[in-house]
$ cat work_3.cif   # mmCIF, C-alpha atoms
data_upload
#
loop_
_atom_site.label_atom_id
_atom_site.label_comp_id
_atom_site.auth_asym_id
_atom_site.auth_seq_id
_atom_site.Cartn_x
_atom_site.Cartn_y
_atom_site.Cartn_z
CA MET T 766 -34.31 139.19 -143.18
CA GLU T 767 -37.82 138.69 -144.44
CA VAL T 768 -36.63 136.22 -147.03
CA ALA T 769 -34.61 134.31 -144.44
CA SER T 770 -37.67 133.99 -142.20
CA ASP T 771 -39.59 132.50 -145.09
CA LEU T 772 -37.04 129.74 -145.63
CA ASN T 773 -38.19 126.34 -144.42
CA ILE T 774 -35.23 123.98 -144.30
CA LEU T 775 -37.33 120.82 -144.27
CA LYS T 776 -39.38 122.04 -147.20
CA ILE T 777 -36.23 122.99 -149.09
CA LEU T 778 -34.72 119.57 -148.52
CA TRP T 779 -37.96 117.86 -149.52
CA GLU T 780 -37.99 119.82 -152.74
CA SER T 781 -34.25 119.43 -153.36
CA GLY T 782 -32.82 117.50 -156.27
CA VAL T 783 -32.29 113.77 -156.38
CA VAL T 784 -28.51 114.08 -156.00
CA VAL T 785 -28.69 116.16 -152.82
CA LYS T 786 -31.33 113.82 -151.37
CA LEU T 787 -29.10 110.84 -152.16
CA VAL T 788 -26.13 112.56 -150.50
CA LEU T 789 -28.16 113.28 -147.37
CA LEU T 790 -29.45 109.69 -147.28
CA ILE T 791 -25.91 108.33 -147.49
CA LEU T 792 -24.76 110.64 -144.70
CA ILE T 793 -27.70 109.70 -142.48
CA ILE T 794 -26.96 106.00 -143.00
CA ALA T 795 -23.27 106.62 -142.26
CA SER T 796 -24.18 108.47 -139.07
CA ILE T 797 -26.47 105.64 -137.93
CA MET T 798 -23.73 103.11 -138.65
CA SER T 799 -21.15 105.11 -136.72
CA TRP T 800 -23.36 105.41 -133.64
CA ALA T 801 -24.18 101.70 -133.81
CA ILE T 802 -20.43 100.96 -133.84
CA VAL T 803 -19.86 103.37 -130.95
CA PHE T 804 -22.42 101.64 -128.71
CA LYS T 805 -21.14 98.20 -129.73
CA LYS T 806 -17.52 99.11 -128.97
CA LYS T 807 -18.37 100.76 -125.66
CA ASN T 808 -20.24 97.62 -124.62
CA LEU T 809 -17.32 95.44 -125.75
CA ILE T 810 -14.75 97.41 -123.76
CA LYS T 811 -16.98 97.31 -120.68
CA LYS T 812 -17.30 93.52 -120.99
CA ILE T 813 -13.58 93.05 -121.59
CA ARG T 814 -12.68 95.00 -118.45
CA LYS T 815 -15.16 93.01 -116.37
CA ASN T 816 -14.03 89.68 -117.81
CA ASN T 817 -10.37 90.60 -117.29
CA ASN T 818 -11.09 91.41 -113.65
CA ASP T 819 -12.98 88.14 -113.17
CA PHE T 820 -10.14 86.13 -114.68
CA PHE T 821 -7.43 87.98 -112.76
CA ASN T 822 -9.25 87.31 -109.48
CA ILE T 823 -9.07 83.59 -110.26
CA TYR T 824 -5.48 83.87 -111.45
CA SER T 825 -4.27 85.69 -108.35
CA SER T 826 -6.16 83.49 -105.86
CA SER T 827 -5.32 80.06 -107.30
CA GLN T 828 -2.55 77.87 -105.93
CA ASN T 829 -1.09 76.88 -109.29
CA LEU T 830 -1.54 77.31 -113.03
CA LYS T 831 -3.50 74.10 -113.51
CA GLU T 832 -6.06 75.33 -111.00
CA VAL T 833 -6.35 78.59 -112.93
CA MET T 834 -6.94 76.63 -116.14
CA ASP T 835 -9.63 74.49 -114.53
CA LYS T 836 -11.45 77.39 -112.86
CA SER T 837 -11.37 79.70 -115.89
CA HIS T 838 -12.72 77.10 -118.31
CA LEU T 839 -16.26 78.45 -118.21
CA LEU T 840 -15.36 82.13 -118.06
CA PRO T 841 -16.29 84.28 -121.09
CA PHE T 842 -13.65 85.59 -123.45
CA SER T 843 -11.13 88.08 -122.13
CA PRO T 844 -7.64 89.10 -123.30
CA TYR T 845 -6.12 87.78 -120.07
CA LYS T 846 -7.82 84.43 -120.50
CA ALA T 847 -6.82 84.16 -124.17
CA MET T 848 -3.19 84.88 -123.31
CA PHE T 849 -3.16 82.48 -120.36
CA VAL T 850 -4.75 79.62 -122.30
CA GLU T 851 -2.27 79.94 -125.15
CA GLY T 852 0.70 80.25 -122.78
CA TYR T 853 -0.43 77.37 -120.58
CA THR T 854 -1.08 75.19 -123.63
CA GLU T 855 2.49 75.69 -124.83
CA LEU T 856 3.79 74.95 -121.31
CA SER T 857 1.76 71.74 -121.20
CA LYS T 858 3.14 70.64 -124.57
CA ILE T 859 6.68 71.07 -123.28
CA LYS T 860 5.86 69.10 -120.13
CA ASP T 861 4.31 66.33 -122.21
CA THR T 862 7.52 65.86 -124.15
CA PHE T 863 9.25 64.86 -120.91
CA THR T 864 6.48 62.61 -119.62
CA GLY T 865 7.88 59.18 -118.85
CA SER T 866 11.47 60.40 -118.58
CA PRO T 867 13.43 59.61 -115.38
CA ASN T 868 13.30 63.23 -114.27
CA PRO T 869 10.43 65.14 -115.97
CA SER T 870 10.83 68.23 -113.79
CA GLY T 871 14.51 68.44 -114.46
CA GLY T 872 13.91 67.99 -118.18
CA VAL T 873 11.52 70.94 -118.26
CA GLN T 874 13.94 73.07 -116.27
CA ASP T 875 16.78 72.15 -118.61
CA HIS T 876 14.62 73.00 -121.62
CA PHE T 877 13.91 76.52 -120.39
CA ARG T 878 17.49 76.94 -119.23
CA ASN T 879 18.78 76.05 -122.69
CA PHE T 880 16.13 77.63 -124.90
CA GLY T 881 14.61 80.38 -122.78
CA LEU T 882 10.92 81.29 -122.64
CA GLY T 883 10.52 82.09 -126.32
CA VAL T 884 7.91 79.39 -126.94
CA LEU T 885 5.76 80.79 -124.11
CA GLU T 886 6.18 84.33 -125.38
CA ARG T 887 4.95 83.23 -128.81
CA GLY T 888 1.98 81.53 -127.17
CA LEU T 889 1.12 84.73 -125.30
CA LYS T 890 1.44 86.64 -128.57
CA LYS T 891 -1.20 84.36 -130.11
CA GLY T 892 -3.55 85.31 -127.28
CA VAL T 893 -2.78 88.99 -127.86
CA ASN T 894 -3.57 88.62 -131.56
CA GLN T 895 -6.91 86.98 -130.75
CA SER T 896 -7.77 89.89 -128.48
CA ASN T 897 -6.67 92.49 -131.01
CA GLU T 898 -9.05 91.03 -133.58
CA GLN T 899 -11.95 91.93 -131.31
CA LEU T 900 -10.55 95.21 -130.03
CA ASP T 901 -9.78 96.52 -133.52
CA ALA T 902 -12.94 95.21 -135.18
CA LEU T 903 -15.04 97.94 -136.89
CA LEU T 904 -12.55 100.68 -136.03
CA SER T 905 -11.54 100.94 -139.69
CA THR T 906 -15.21 101.45 -140.60
CA LEU T 907 -15.49 104.21 -138.01
CA ALA T 908 -12.35 105.84 -139.37
CA SER T 909 -13.68 105.64 -142.93
CA ILE T 910 -16.95 107.30 -141.94
CA GLY T 911 -15.04 110.06 -140.19
CA SER T 912 -12.77 110.68 -143.16
CA ILE T 913 -15.17 110.48 -146.12
CA SER T 914 -18.34 112.00 -144.67
CA PRO T 915 -17.13 115.62 -145.02
CA PHE T 916 -16.26 114.98 -148.66
CA ILE T 917 -19.65 113.44 -149.36
CA GLY T 918 -21.24 116.50 -147.74
CA LEU T 919 -18.96 118.73 -149.78
CA PHE T 920 -20.12 116.99 -152.95
CA GLY T 921 -23.72 117.79 -152.00
CA THR T 922 -22.68 121.37 -151.29
CA VAL T 923 -21.04 121.78 -154.67
CA TRP T 924 -24.01 120.24 -156.41
CA GLY T 925 -26.42 122.56 -154.62
CA ILE T 926 -24.34 125.62 -155.51
CA ILE T 927 -24.24 124.46 -159.12
CA GLY T 928 -28.03 124.43 -159.04
CA SER T 929 -28.05 127.95 -157.66
CA PHE T 930 -25.78 129.24 -160.41
CA THR T 931 -27.97 127.47 -162.93
CA GLY T 932 -30.87 129.52 -161.61
CA LEU T 933 -28.83 132.68 -161.99
CA ALA T 934 -27.91 131.74 -165.55
CA GLY T 935 -31.57 131.25 -166.31
CA GLY T 936 -32.30 134.84 -165.44
CA GLY T 937 -33.53 134.34 -161.89
CA GLY T 938 -31.02 136.72 -160.37
CA THR T 939 -32.87 137.27 -157.08
CA ILE T 940 -32.16 135.99 -153.61
CA GLU T 941 -35.43 134.04 -153.74
CA ALA T 942 -34.13 132.13 -156.76
CA VAL T 943 -30.74 131.14 -155.33
CA ALA T 944 -31.58 130.80 -151.61
CA PRO T 945 -33.04 127.26 -151.79
CA GLY T 946 -30.01 125.89 -153.62
CA ILE T 947 -27.57 127.55 -151.23
CA ALA T 948 -29.59 126.37 -148.24
CA GLU T 949 -29.63 122.74 -149.33
CA ALA T 950 -25.93 123.00 -150.13
CA LEU T 951 -25.10 124.24 -146.64
CA VAL T 952 -27.31 121.62 -145.03
CA ALA T 953 -25.39 118.92 -146.90
CA THR T 954 -22.16 120.30 -145.45
CA ALA T 955 -23.63 120.43 -141.94
CA VAL T 956 -24.92 116.86 -142.12
CA GLY T 957 -21.54 115.69 -143.40
CA LEU T 958 -19.78 117.29 -140.45
CA ALA T 959 -22.41 115.94 -138.04
CA ALA T 960 -21.64 112.43 -139.28
CA ALA T 961 -17.87 112.88 -139.32
CA ILE T 962 -17.12 114.63 -136.03
CA PRO T 963 -18.49 111.95 -133.65
CA ALA T 964 -16.91 109.20 -135.76
CA VAL T 965 -13.46 110.80 -135.59
CA TRP T 966 -13.77 111.59 -131.89
CA PHE T 967 -14.82 108.06 -130.93
CA PHE T 968 -12.23 106.51 -133.24
CA ASN T 969 -9.53 108.31 -131.25
CA TYR T 970 -11.26 107.44 -127.98
CA PHE T 971 -11.40 103.73 -128.76
CA ASN T 972 -7.82 103.76 -130.01
CA ASN T 973 -6.75 105.21 -126.65
CA GLN T 974 -8.80 102.61 -124.78
CA ASN T 975 -7.21 99.85 -126.86
CA GLN T 976 -3.75 101.18 -126.03
CA VAL T 977 -4.58 101.03 -122.32
CA ILE T 978 -5.82 97.45 -122.65
CA HIS T 979 -2.71 96.54 -124.68
CA GLY T 980 -0.55 97.89 -121.87
CA GLU T 981 -2.50 95.83 -119.35
CA MET T 982 -2.08 92.72 -121.51
CA GLU T 983 1.66 93.30 -121.71
CA SER T 984 1.85 93.58 -117.92
CA PHE T 985 -0.16 90.38 -117.51
CA GLY T 986 2.11 88.59 -119.97
CA GLN T 987 5.18 89.63 -118.00
CA ASP T 988 3.56 88.48 -114.78
CA PHE T 989 2.73 85.10 -116.37
CA LEU T 990 6.32 84.65 -117.55
CA ASN T 991 7.63 85.61 -114.11
CA THR T 992 5.38 82.97 -112.57
CA ILE T 993 6.71 80.35 -114.98
CA GLU T 994 10.30 81.29 -114.14
CA ARG T 995 9.56 80.96 -110.42
CA THR T 996 7.69 77.66 -110.60
CA LEU T 997 8.35 76.05 -114.00
CA VAL T 998 7.15 72.55 -113.20
CA HIS T 999 4.27 73.15 -110.79
CA LYS T 1000 1.00 71.69 -112.01
#

$ encode --input "work_3.cif" --output "structure tokens"
Amino acid sequence: MEVASDLNILKILWESGVVVKLVLLILIIASIMSWAIVFKKKNLIKKIRKNNNDFFNIYSSSQNLKEVMDKSHLLPFSPYKAMFVEGYTELSKIKDTFTGSPNPSGGVQDHFRNFGLGVLERGLKKGVNQSNEQLDALLSTLASIGSISPFIGLFGTVWGIIGSFTGLAGGGGTIEAVAPGIAEALVATAVGLAAAIPAVWFFNYFNNQNQVIHGEMESFGQDFLNTIERTLVHK
């Protein structure tokens, strides 16, 4: 107990070998990166939910799709807006093909009657893909930090224990001789876990949040297609 009370973790780490110090530095940098990603992603999800609400308020209160397009022009990015813009753009292209024909409205109706809404669905999918690029950004980095940090810490642990056994082999077979090496080894493990656990937890959290947003996007896409089926040619 007396020996344990004499151990100073900070002093032990300061006097540790270059390899253990390098391992700890890498883990500290990884932890800082993971927390930076966490705050960035939390802010992104908060903005996406607000922007989705702002767009949906315009979408639900407008008289027609053209009015939605005009009003949402200056709104910031949101998954709903991205999907709507891509879907409306495809709808406009179809309408343009019948401009100048004797019955433009009937031509558009015949087109959808004959070919279905596949072109609009593909347009909505483009908007979903744009949104997924932002929602999934940096998640792979967070997952990597969560998966490799324990192994980096384990490497530092093994290296520290090797140093302790080296001390034993040199004839220093006392607890005072091996305690510093064991201590720095265990600290490397602890720092590795401290970096990995939040990264893994928030990776799962953001994945769940993304799944919720994906479900909301799917519902919006269905609502958009239902609106097209009901109106088709309204501007």

$ atom_distance --input "work_3.cif" --atom1 "CA of Glu886 in chain T" --atom2 "CA of Phe842 in chain T"
20.0 Å

$ resolve_selection --input "work_3.cif" --expression "the PyMOL selection byres ((chain T and resi 841) around 12)" --output "list in words"
Lys812, Ile813, Arg814, Lys815, Asn816, Asn817, Asn818, Asp819, Phe820, Lys836, Ser837, His838, Leu839, Leu840, Phe842, Ser843, Pro844, Tyr845, Lys846 and Ala847 of chain T

$ write_last_selection --input "work_3.cif" --atoms "C-alpha atoms" --output "CSV table (one decimal), in the coordinates of the input"
chain,number,residue,atom,x,y,z
T,812,LYS,CA,-17.3,93.5,-121.0
T,813,ILE,CA,-13.6,93.0,-121.6
T,814,ARG,CA,-12.7,95.0,-118.4
T,815,LYS,CA,-15.2,93.0,-116.4
T,816,ASN,CA,-14.0,89.7,-117.8
T,817,ASN,CA,-10.4,90.6,-117.3
T,818,ASN,CA,-11.1,91.4,-113.6
T,819,ASP,CA,-13.0,88.1,-113.2
T,820,PHE,CA,-10.1,86.1,-114.7
T,836,LYS,CA,-11.4,77.4,-112.9
T,837,SER,CA,-11.4,79.7,-115.9
T,838,HIS,CA,-12.7,77.1,-118.3
T,839,LEU,CA,-16.3,78.4,-118.2
T,840,LEU,CA,-15.4,82.1,-118.1
T,842,PHE,CA,-13.6,85.6,-123.4
T,843,SER,CA,-11.1,88.1,-122.1
T,844,PRO,CA,-7.6,89.1,-123.3
T,845,TYR,CA,-6.1,87.8,-120.1
T,846,LYS,CA,-7.8,84.4,-120.5
T,847,ALA,CA,-6.8,84.2,-124.2

$ axis_aligned_box --input "work_3.cif" --around "range 847-865 of chain T" --padding-each-side "3 Å" --output "lines of an AutoDock Vina configuration file"
center_x = 1.2
center_y = 72.0
center_z = -122.0
size_x = 22.1
size_y = 31.7
size_z = 12.3

$ residues_around --input "work_3.cif" --residues "Met848 in chain T" --least-positions-apart "6" --cutoff "10 Å" --atoms "all atoms listed in the file" --output "PyMOL selection string"
chain T and resi 854+885-896+982-983+985-986+989

$ atom_distance --input "work_3.cif" --atom1 "CA of Ser825 in chain T" --atom2 "CA of Gln899 in chain T"
25.0 Å

$ residues_near_point --input "work_3.cif" --point "(-19.2, 122.7, -144.0)" --cutoff "12 Å" --atoms "all atoms listed in the file" --output "NGL selection string"
:T and (914-923 or 948-962)

$ closest_residue --input "work_3.cif" --among "T:Phe849, T:Ala964, T:Leu990, T:Ser909" --to "Tyr824 in chain T" --atoms "all atoms listed in the file"
T:Phe849

$ closest_atom_pairs --input "work_3.cif" --of "range 853-907 of chain T" --to "range 992-996 of chain T" --cutoff "10 Å" --atoms "all atoms listed in the file" --output "Markdown table"
| residue | atom | partner | partner_atom | distance |
| --- | --- | --- | --- | --- |
| T:Tyr853 | CA | T:Ile993 | CA | 9.6 |
| T:Leu856 | CA | T:Ile993 | CA | 8.8 |
| T:Gln874 | CA | T:Glu994 | CA | 9.2 |
| T:Phe877 | CA | T:Glu994 | CA | 8.7 |
| T:Arg878 | CA | T:Glu994 | CA | 9.8 |
| T:Gly881 | CA | T:Glu994 | CA | 9.7 |
| T:Leu882 | CA | T:Glu994 | CA | 8.5 |
| T:Leu885 | CA | T:Ile993 | CA | 9.2 |

$ resolve_selection --input "work_3.cif" --expression "the PyMOL selection byres ((chain T and resi 965) around 10)" --output "number ranges by chain"
T: 799, 907-912, 960-964, 966-970

$ atom_distance --input "work_3.cif" --atom1 "CA of Leu790 in chain T" --atom2 "CA of Gly928 in chain T"
18.9 Å

$ closest_residue --input "work_3.cif" --among "T:Phe930, T:Gly883, T:Ser984, T:Phe971" --to "Phe804 in chain T" --atoms "all atoms listed in the file"
T:Phe971

$ closest_residue --input "work_3.cif" --among "T:Lys860, T:Val873, T:Ile810, T:Glu851" --to "Gln976 in chain T" --atoms "only C-alpha atoms"
T:Ile810

$ closest_residue --input "work_3.cif" --among "T:Leu900, T:Ile802, T:Leu789, T:Ile823" --to "Val977 in chain T" --atoms "only C-alpha atoms"
T:Leu900

$ closest_residue --input "work_3.cif" --among "T:Ser796, T:Gln828, T:Asn822, T:Asn991" --to "Thr906 in chain T" --atoms "all atoms listed in the file"
T:Ser796

$ closest_residue --input "work_3.cif" --among "T:Ser857, T:Leu903, T:Met834, T:Leu809" --to "Phe821 in chain T" --atoms "all atoms listed in the file"
T:Met834

$ residues_around --input "work_3.cif" --residues "Ile947 in chain T" --least-positions-apart "4" --cutoff "7 Å" --atoms "only C-alpha atoms" --output "PyMOL selection string"
chain T and resi 925-926+929+943+951
